[in-house]
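**Student:** TSV, C-alpha atoms and all ligand atoms, saved as input.tsv, coming up:
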chain	number	residue	atom	x	y	z
A	1442	MET	CA	85.76	37.00	104.71
A	1443	THR	CA	83.27	39.46	106.19
A	1444	ARG	CA	81.13	38.53	109.18
A	1445	PRO	CA	77.59	39.80	109.80
A	1446	GLY	CA	76.96	41.99	112.86
A	1447	LEU	CA	80.41	43.51	112.90
A	1448	ILE	CA	80.99	47.23	112.35
A	1449	ARG	CA	82.64	47.72	108.96
A	1450	ILE	CA	85.71	49.91	109.44
A	1451	GLY	CA	87.59	51.70	106.66
A	1452	ALA	CA	90.88	53.50	107.27
A	1453	LEU	CA	92.21	56.53	105.40
A	1454	VAL	CA	95.99	56.80	105.45
A	1455	SER	CA	98.85	58.64	103.78
A	1456	GLY	CA	102.03	57.50	105.55
A	1457	SER	CA	103.59	54.99	107.87
A	1458	GLY	CA	100.32	53.72	109.31
A	1459	SER	CA	101.48	53.00	112.85
A	1460	ASN	CA	98.04	54.03	114.12
A	1461	LEU	CA	96.47	51.79	111.51
A	1462	GLN	CA	98.67	48.98	112.85
A	1463	ALA	CA	97.40	49.62	116.38
A	1464	ILE	CA	93.82	49.36	115.11
A	1465	ILE	CA	94.62	46.20	113.11
A	1466	ASP	CA	96.16	44.63	116.23
A	1467	ALA	CA	93.12	45.53	118.34
A	1468	VAL	CA	90.74	44.10	115.74
A	1469	GLU	CA	92.77	40.91	115.44
A	1470	SER	CA	92.89	40.52	119.22
A	1471	GLY	CA	89.10	40.26	119.22
A	1472	ARG	CA	88.48	43.25	121.52
A	1473	VAL	CA	86.82	45.25	118.73
A	1474	ASN	CA	83.36	44.30	117.53
A	1475	GLY	CA	84.35	45.27	114.00
A	1476	GLU	CA	86.45	44.40	110.99
A	1477	LEU	CA	88.73	46.39	108.71
A	1478	VAL	CA	87.16	46.09	105.28
A	1479	VAL	CA	89.34	48.56	103.35
A	1480	VAL	CA	92.38	50.81	103.69
A	1481	ILE	CA	92.39	53.79	101.34
A	1482	SER	CA	95.67	55.61	100.82
A	1483	SER	CA	96.29	59.02	99.25
A	1484	ASN	CA	99.89	57.96	98.68
A	1485	SER	CA	100.83	54.92	96.60
A	1486	LYS	CA	104.13	54.53	98.50
A	1487	ALA	CA	102.63	54.65	102.00
A	1488	TYR	CA	104.00	51.91	104.25
A	1489	ALA	CA	100.44	51.65	105.59
A	1490	LEU	CA	99.56	49.82	102.35
A	1491	GLU	CA	102.14	47.14	103.08
A	1492	ARG	CA	100.84	46.75	106.63
A	1493	SER	CA	97.33	46.26	105.21
A	1494	ARG	CA	98.44	43.67	102.67
A	1495	ASN	CA	100.35	41.80	105.40
A	1496	HIS	CA	97.02	41.39	107.18
A	1497	GLY	CA	94.94	40.58	104.08
A	1498	ILE	CA	93.01	43.85	104.15
A	1499	PRO	CA	91.85	45.17	100.74
A	1500	THR	CA	93.60	48.40	99.72
A	1501	GLU	CA	92.72	51.26	97.40
A	1502	VAL	CA	94.88	54.18	96.31
A	1503	VAL	CA	93.19	57.51	95.55
A	1504	LEU	CA	95.69	60.12	94.40
A	1505	TYR	CA	94.81	63.77	94.78
A	1506	GLU	CA	96.80	64.45	91.61
A	1507	ASP	CA	94.43	62.20	89.61
A	1508	CYS	CA	91.43	64.30	90.65
A	1509	SER	CA	90.54	67.66	89.16
A	1510	ASP	CA	90.06	69.34	92.56
A	1511	ARG	CA	89.40	68.76	96.28
A	1512	SER	CA	85.74	68.17	95.60
A	1513	SER	CA	86.33	65.40	93.10
A	1514	PHE	CA	88.97	63.84	95.41
A	1515	SER	CA	86.47	63.93	98.29
A	1516	ARG	CA	83.78	62.38	96.08
A	1517	THR	CA	86.07	59.51	95.08
A	1518	ILE	CA	86.97	58.82	98.73
A	1519	ALA	CA	83.29	58.87	99.77
A	1520	GLU	CA	82.29	56.59	96.89
A	1521	THR	CA	85.07	54.14	97.70
A	1522	LEU	CA	83.96	53.96	101.34
A	1523	LYS	CA	80.37	53.41	100.20
A	1524	ARG	CA	81.43	50.67	97.78
A	1525	TYR	CA	82.91	48.78	100.75
A	1526	ARG	CA	79.79	49.57	102.85
A	1527	VAL	CA	81.92	51.23	105.54
A	1528	ASP	CA	80.16	52.22	108.78
A	1529	LEU	CA	83.13	53.90	110.46
A	1530	ALA	CA	85.95	55.66	108.60
A	1531	CYS	CA	89.13	56.15	110.63
A	1532	LEU	CA	91.54	58.86	109.51
A	1533	ALA	CA	94.95	57.59	110.57
A	1534	GLY	CA	97.66	59.98	109.45
A	1535	PHE	CA	95.59	61.08	106.45
A	1536	THR	CA	97.13	64.30	105.15
A	1537	ARG	CA	94.30	65.58	102.95
A	1538	ILE	CA	91.39	67.70	104.08
A	1539	LEU	CA	88.01	66.45	102.90
A	1540	ASP	CA	85.56	69.04	101.67
A	1541	PRO	CA	81.87	69.38	102.62
A	1542	LEU	CA	80.79	67.23	99.66
A	1543	PHE	CA	82.40	64.24	101.39
A	1544	PHE	CA	80.00	64.61	104.32
A	1545	GLU	CA	77.02	64.96	101.96
A	1546	LEU	CA	77.90	61.71	100.23
A	1547	PHE	CA	79.23	59.53	103.07
A	1548	HIS	CA	76.76	58.97	105.88
A	1549	GLY	CA	78.86	56.79	108.16
A	1550	ASP	CA	80.79	58.15	111.12
A	1551	VAL	CA	84.32	59.50	110.77
A	1552	MET	CA	87.06	59.62	113.42
A	1553	ASN	CA	90.48	61.23	113.40
A	1554	ILE	CA	93.58	61.12	115.58
A	1555	HIS	CA	95.43	64.35	116.20
A	1556	PRO	CA	98.87	64.53	117.88
A	1557	ALA	CA	98.02	67.28	120.39
A	1558	LEU	CA	95.38	68.25	122.91
A	1559	LEU	CA	92.60	69.76	120.79
A	1560	PRO	CA	91.17	72.35	120.58
A	1561	ALA	CA	94.75	73.71	120.93
A	1562	PHE	CA	97.31	73.19	118.17
A	1563	GLY	CA	94.83	72.04	115.53
A	1564	GLY	CA	93.44	73.32	112.25
A	1565	LYS	CA	94.62	73.57	108.69
A	1566	GLY	CA	98.36	73.07	108.26
A	1567	MET	CA	98.77	71.60	111.76
A	1568	TYR	CA	100.06	68.23	110.76
A	1569	GLY	CA	102.67	65.84	112.13
A	1570	ARG	CA	106.00	67.50	113.09
A	1571	ARG	CA	104.59	71.01	112.76
A	1572	VAL	CA	102.24	70.33	115.64
A	1573	HIS	CA	105.07	69.31	117.97
A	1574	GLU	CA	107.17	72.30	116.94
A	1575	ALA	CA	104.27	74.62	117.77
A	1576	VAL	CA	103.70	72.94	121.15
A	1577	ILE	CA	107.38	73.28	122.14
A	1578	GLN	CA	107.52	76.87	120.93
A	1579	SER	CA	104.40	77.77	122.94
A	1580	GLY	CA	106.04	76.73	126.20
A	1581	ALA	CA	103.16	74.34	127.05
A	1582	ARG	CA	104.13	71.89	129.81
A	1583	PHE	CA	101.84	69.14	128.51
A	1584	SER	CA	100.86	67.79	125.14
A	1585	GLY	CA	99.07	64.61	124.19
A	1586	ALA	CA	96.76	63.11	121.62
A	1587	THR	CA	93.08	63.44	120.77
A	1588	VAL	CA	90.66	61.11	119.03
A	1589	HIS	CA	87.59	62.98	117.83
A	1590	PHE	CA	84.67	62.67	115.49
A	1591	VAL	CA	85.28	64.51	112.24
A	1592	THR	CA	82.98	67.28	111.13
A	1593	GLU	CA	83.21	69.61	108.15
A	1594	GLU	CA	85.47	71.96	110.06
A	1595	CYS	CA	89.06	70.78	110.48
A	1596	ASP	CA	90.01	69.40	113.95
A	1597	VAL	CA	86.96	70.70	115.86
A	1598	GLY	CA	84.62	67.69	116.11
A	1599	PRO	CA	83.40	66.12	119.38
A	1600	ILE	CA	86.29	64.70	121.41
A	1601	ILE	CA	86.11	60.98	122.21
A	1602	ILE	CA	89.35	60.35	124.14
A	1603	GLN	CA	92.44	62.35	125.06
A	1604	ASP	CA	95.56	61.50	127.00
A	1605	VAL	CA	98.50	63.64	128.03
A	1606	VAL	CA	102.30	63.52	128.01
A	1607	PRO	CA	104.66	65.97	129.74
A	1608	VAL	CA	106.73	68.30	127.58
A	1609	ASP	CA	110.23	68.07	129.07
A	1610	ASP	CA	112.78	70.89	128.91
A	1611	ASP	CA	115.03	68.92	126.57
A	1612	ASP	CA	112.26	67.65	124.26
A	1613	SER	CA	112.73	68.15	120.53
A	1614	PRO	CA	109.82	67.80	118.08
A	1615	ASP	CA	111.04	64.26	117.43
A	1616	THR	CA	111.23	63.13	121.05
A	1617	LEU	CA	107.86	64.72	121.78
A	1618	ALA	CA	106.36	63.04	118.70
A	1619	ALA	CA	107.64	59.66	119.90
A	1620	LYS	CA	106.02	60.12	123.33
A	1621	VAL	CA	102.75	61.30	121.80
A	1622	LEU	CA	102.72	58.42	119.32
A	1623	GLN	CA	102.79	55.90	122.19
A	1624	VAL	CA	99.67	57.54	123.60
A	1625	GLU	CA	98.05	57.57	120.15
A	1626	HIS	CA	98.53	53.82	119.81
A	1627	ALA	CA	96.65	53.29	123.05
A	1628	ILE	CA	93.76	55.71	122.61
A	1629	TYR	CA	92.85	55.21	118.94
A	1630	PRO	CA	92.11	51.48	119.25
A	1631	LYS	CA	90.27	52.24	122.49
A	1632	ALA	CA	88.02	54.79	120.75
A	1633	VAL	CA	87.33	52.32	117.93
A	1634	GLU	CA	86.56	49.63	120.48
A	1635	LEU	CA	84.07	51.89	122.31
A	1636	TYR	CA	82.44	52.94	119.04
A	1637	CYS	CA	82.04	49.35	117.89
A	1638	ALA	CA	80.62	48.39	121.28
A	1639	GLY	CA	77.90	50.99	120.63
A	1640	VAL	CA	78.50	52.85	123.90
A	1641	LEU	CA	79.37	56.31	122.56
A	1642	GLU	CA	76.70	58.98	122.64
A	1643	VAL	CA	77.29	62.39	121.08
A	1644	ASP	CA	75.62	65.27	122.90
A	1645	GLY	CA	76.66	68.49	121.17
A	1646	MET	CA	80.42	68.69	121.54
A	1647	ARG	CA	80.48	66.18	124.39
A	1648	VAL	CA	80.86	62.45	123.81
A	1649	ARG	CA	79.49	60.37	126.67
A	1650	ARG	CA	80.01	56.69	127.36
A	1651	ARG	CA	76.85	54.76	128.08
A	1652	GLY	CA	77.00	51.89	130.55
B	1	LIG	C1	100.23	60.64	113.74
B	1	LIG	O1	101.04	61.23	114.71
B	1	LIG	C2	98.90	61.36	113.66
B	1	LIG	O2	98.44	61.83	114.90
B	1	LIG	C3	99.25	62.51	112.77
B	1	LIG	O3	100.06	61.94	111.77
B	1	LIG	C4	100.79	60.85	112.34
B	1	LIG	C5	100.59	59.63	111.46
B	1	LIG	O4	101.39	58.57	111.90
B	1	LIG	N1	98.07	63.14	112.24
B	1	LIG	C6	97.94	64.45	112.11
B	1	LIG	O5	98.83	65.25	112.36
B	1	LIG	C7	96.56	64.92	111.64
B	1	LIG	N2	96.42	66.34	111.78
B	1	LIG	P1	101.06	57.08	111.45
B	1	LIG	O6	100.94	57.10	109.90
B	1	LIG	O7	102.28	56.31	111.88
B	1	LIG	O8	99.82	56.63	112.11
Could you express the structure from this file as structure tokens?
Ligand code: GAR
**Tutor:**
Amino acid sequence: MTRPGLIRIGALVSGSGSNLQAIIDAVESGRVNGELVVVISSNSKAYALERSRNHGIPTEVVLYEDCSDRSSFSRTIAETLKRYRVDLACLAGFTRILDPLFFELFHGDVMNIHPALLPAFGGKGMYGRRVHEAVIQSGARFSGATVHFVTEECDVGPIIIQDVVPVDDDDSPDTLAAKVLQVEHAIYPKAVELYCAGVLEVDGMRVRRRG
């Protein structure tokens, strides 16, 4: 059942959905002034779909392969979000890049979580394990996670929250990913909570907290 006054959140997923789970848990705990009204997956086998069903959240599958091109895929995603009257779309391990048409059609806000400290180690092709491999290879002593607003350009929107983890000498991409994921599960729900509380103010590339 939907409740008036709450921010309508939609999530876009492609995989395991552990970040989605963190958002679900935060919403269910009552700390978020919002509700998850739909989870849209680009992968029919994503475990994120099972997590959603376990919590009674409506799910939709939009396969890239069923669309003629990126534009038509982006249109279908935007139309699905609009059908559920979504205010805030949260990309949570969504592996597809949305094209500019998406932003013409969907007028809500869009957030993403990235498993590194943007603006470093982002952009097209920087996804999941590849990000951690690049961080280790670069010799960086710290990595972390970033929640940011999504704009037409990949991984460069205004940053809402970041947190850091040390890169240890014996870290592998997998151990680094595990450390970063813990941080992700803390900062993504926090960003959603702040958004739904209406305290985020975007000033160019800077996101300020009011109050
Ligand atoms: C997360 O680490 C997320 O930051 C990353 O995919 C993983 C999804 O895990 N996203 C990106 O790399 C986006 N460029 P999850 O499905 O368990 O939330």
**Student:** Which of these, A:Ala1557, A:Met1646, A:Ile1601, A:Met1567, has the shortest distance to A:Val1621 once you count all atoms listed in the file?
**Tutor:**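 Ranked by minimum distance to A:Val1621, first place goes to A:Ala1557.
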**Student:** Using atom O1 of ligand LIG 1 (chain B) and atom CA of A:Leu1622 as the two end points, give the distance in Å to one decimal.
**Tutor:** 5.7 Å
**Student:** Kindly provide the residues of chain A that approach ligand LIG 1 (chain B) to within 6 Å, each paired with its closest atom pair and their distance in Å to one decimal, based on only C-alpha atoms and all ligand atoms, listed by chain and increasing number, as a Markdown table.
**Tutor:**
| residue | atom | partner | partner_atom | distance |
| --- | --- | --- | --- | --- |
| A:Gly1456 | CA | B:LIG1 | O6 | 4.5 |
| A:Ser1457 | CA | B:LIG1 | O6 | 3.9 |
| A:Gly1458 | CA | B:LIG1 | O6 | 3.5 |
| A:Ser1459 | CA | B:LIG1 | O7 | 3.5 |
| A:Asn1460 | CA | B:LIG1 | O8 | 3.7 |
| A:Leu1461 | CA | B:LIG1 | O8 | 5.9 |
| A:Ala1533 | CA | B:LIG1 | O8 | 5.2 |
| A:Gly1534 | CA | B:LIG1 | C5 | 3.6 |
| A:Ile1554 | CA | B:LIG1 | O2 | 5.0 |
| A:His1555 | CA | B:LIG1 | O2 | 4.1 |
| A:Pro1556 | CA | B:LIG1 | O2 | 4.0 |
| A:Met1567 | CA | B:LIG1 | N2 | 5.8 |
| A:Tyr1568 | CA | B:LIG1 | O5 | 3.6 |
| A:Gly1569 | CA | B:LIG1 | O5 | 3.9 |
| A:Leu1622 | CA | B:LIG1 | O1 | 5.7 |
**Student:** Convert the current residue selection to file output with C-alpha atoms, as a CSV table (one decimal), in the coordinates of the input.
**Tutor:**
chain,number,residue,atom,x,y,z
A,1456,GLY,CA,102.0,57.5,105.6
A,1457,SER,CA,103.6,55.0,107.9
A,1458,GLY,CA,100.3,53.7,109.3
A,1459,SER,CA,101.5,53.0,112.8
A,1460,ASN,CA,98.0,54.0,114.1
A,1461,LEU,CA,96.5,51.8,111.5
A,1533,ALA,CA,95.0,57.6,110.6
A,1534,GLY,CA,97.7,60.0,109.4
A,1554,ILE,CA,93.6,61.1,115.6
A,1555,HIS,CA,95.4,64.4,116.2
A,1556,PRO,CA,98.9,64.5,117.9
A,1567,MET,CA,98.8,71.6,111.8
A,1568,TYR,CA,100.1,68.2,110.8
A,1569,GLY,CA,102.7,65.8,112.1
A,1622,LEU,CA,102.7,58.4,119.3
**Student:** List as a count of residues only: which residues have an atom within 7 Å of (95.5, 52.9, 99.8), counting all atoms listed in the file?
**Tutor:** 12
**Student:** Residues of stretch 1499-1602 of chain A within 9 Å of stretch 1631-1641 of chain A: nearest atom pair and distance (Å, one decimal) for each, counting all atoms listed in the file, sorted by chain and number, as a Markdown table?
**Tutor:**
| residue | atom | partner | partner_atom | distance |
| --- | --- | --- | --- | --- |
| A:Leu1529 | CA | A:Tyr1636 | CA | 8.7 |
| A:Cys1531 | CA | A:Val1633 | CA | 8.4 |
| A:Met1552 | CA | A:Val1633 | CA | 8.6 |
| A:Val1588 | CA | A:Ala1632 | CA | 7.1 |
| A:His1589 | CA | A:Ala1632 | CA | 8.7 |
| A:Ile1601 | CA | A:Ala1632 | CA | 6.6 |
| A:Ile1602 | CA | A:Ala1632 | CA | 6.6 |
**Student:** Using all atoms listed in the file, give me every residue within 7 Å of (95.9, 57.6, 121.4) in file coordinates, as a list in words.
**Tutor:**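 Looking at atoms near the point gives Ala1586, Thr1587, Val1588, Gln1603, Asp1604, Val1624, Glu1625, His1626, Ala1627, Ile1628 and Tyr1629 of chain A.
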**Student:** Atoms to include: C-alpha atoms. Write the selected residues as a PDB file, keeping the file's coordinate frame.
**Tutor:**
ATOM      1  CA  ALA A1586      96.760  63.110 121.620  1.00  0.00           C
ATOM      2  CA  THR A1587      93.080  63.440 120.770  1.00  0.00           C
ATOM      3  CA  VAL A1588      90.660  61.110 119.030  1.00  0.00           C
ATOM      4  CA  GLN A1603      92.440  62.350 125.060  1.00  0.00           C
ATOM      5  CA  ASP A1604      95.560  61.500 127.000  1.00  0.00           C
ATOM      6  CA  VAL A1624      99.670  57.540 123.600  1.00  0.00           C
ATOM      7  CA  GLU A1625      98.050  57.570 120.150  1.00  0.00           C
ATOM      8  CA  HIS A1626      98.530  53.820 119.810  1.00  0.00           C
ATOM      9  CA  ALA A1627      96.650  53.290 123.050  1.00  0.00           C
ATOM     10  CA  ILE A1628      93.760  55.710 122.610  1.00  0.00           C
ATOM     11  CA  TYR A1629      92.850  55.210 118.940  1.00  0.00           C
TER      12      TYR A1629
END
**Student:** Which neighbours of A:Arg1571 fall inside 12 Å, counting all atoms listed in the file, when residues of the same chain fewer than 6 positions from it are skipped, and could you give them as a list in words?
**Tutor:**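 Listed by chain and then number, they are His1555, Pro1556, Ala1557, Phe1562, Gly1563, Gly1564, Lys1565, Ile1577, Gln1578, Ser1613, Pro1614, Asp1615, Leu1617 and Ala1618 of chain A.
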**Student:** How far is it from atom CA of A:Ser1513 to atom CA of A:Ala1489, in Å with one decimal?
**Tutor:**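 Between atom CA of A:Ser1513 and atom CA of A:Ala1489 the gap works out to 23.3 Å.
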**Student:** Mind pulling up the distance from atom CA of A:Arg1492 to atom CA of A:Ser1584?
**Tutor:**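 Calculated distance between atom CA of A:Ser1584 and atom CA of A:Arg1492 is 28.0 Å.
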**Student:** Would you compute an axis-aligned box for stretch 1497-1502 of chain A, covering every atom listed for it in the file with 5 Å of margin on each side, and report centre and edge lengths in Å to one decimal as AutoDock Vina command-line options?
**Tutor:**
--center_x 93.4 --center_y 47.4 --center_z 100.2 --size_x 13.1 --size_y 23.6 --size_z 17.8
**Student:** Would you pick out the contacts of A:Val1608 at 9 Å or less, using all atoms listed in the file, so that residues sharing its chain but fewer than 2 positions from it are not included, and give the list as a VMD selection string?
**Tutor:** chain A and resid 1576 to 1577 1580 to 1584 1606 1610 to 1612 1617
**Student:** Compare A:Arg1651, A:Pro1599, A:Leu1546, A:Pro1541 by their minimum atom-to-atom distance to A:Thr1521, counting all atoms listed in the file, and give me the closest one.
**Tutor:**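 Comparing A:Arg1651, A:Pro1599, A:Leu1546, A:Pro1541 against A:Thr1521, the winner is A:Leu1546.
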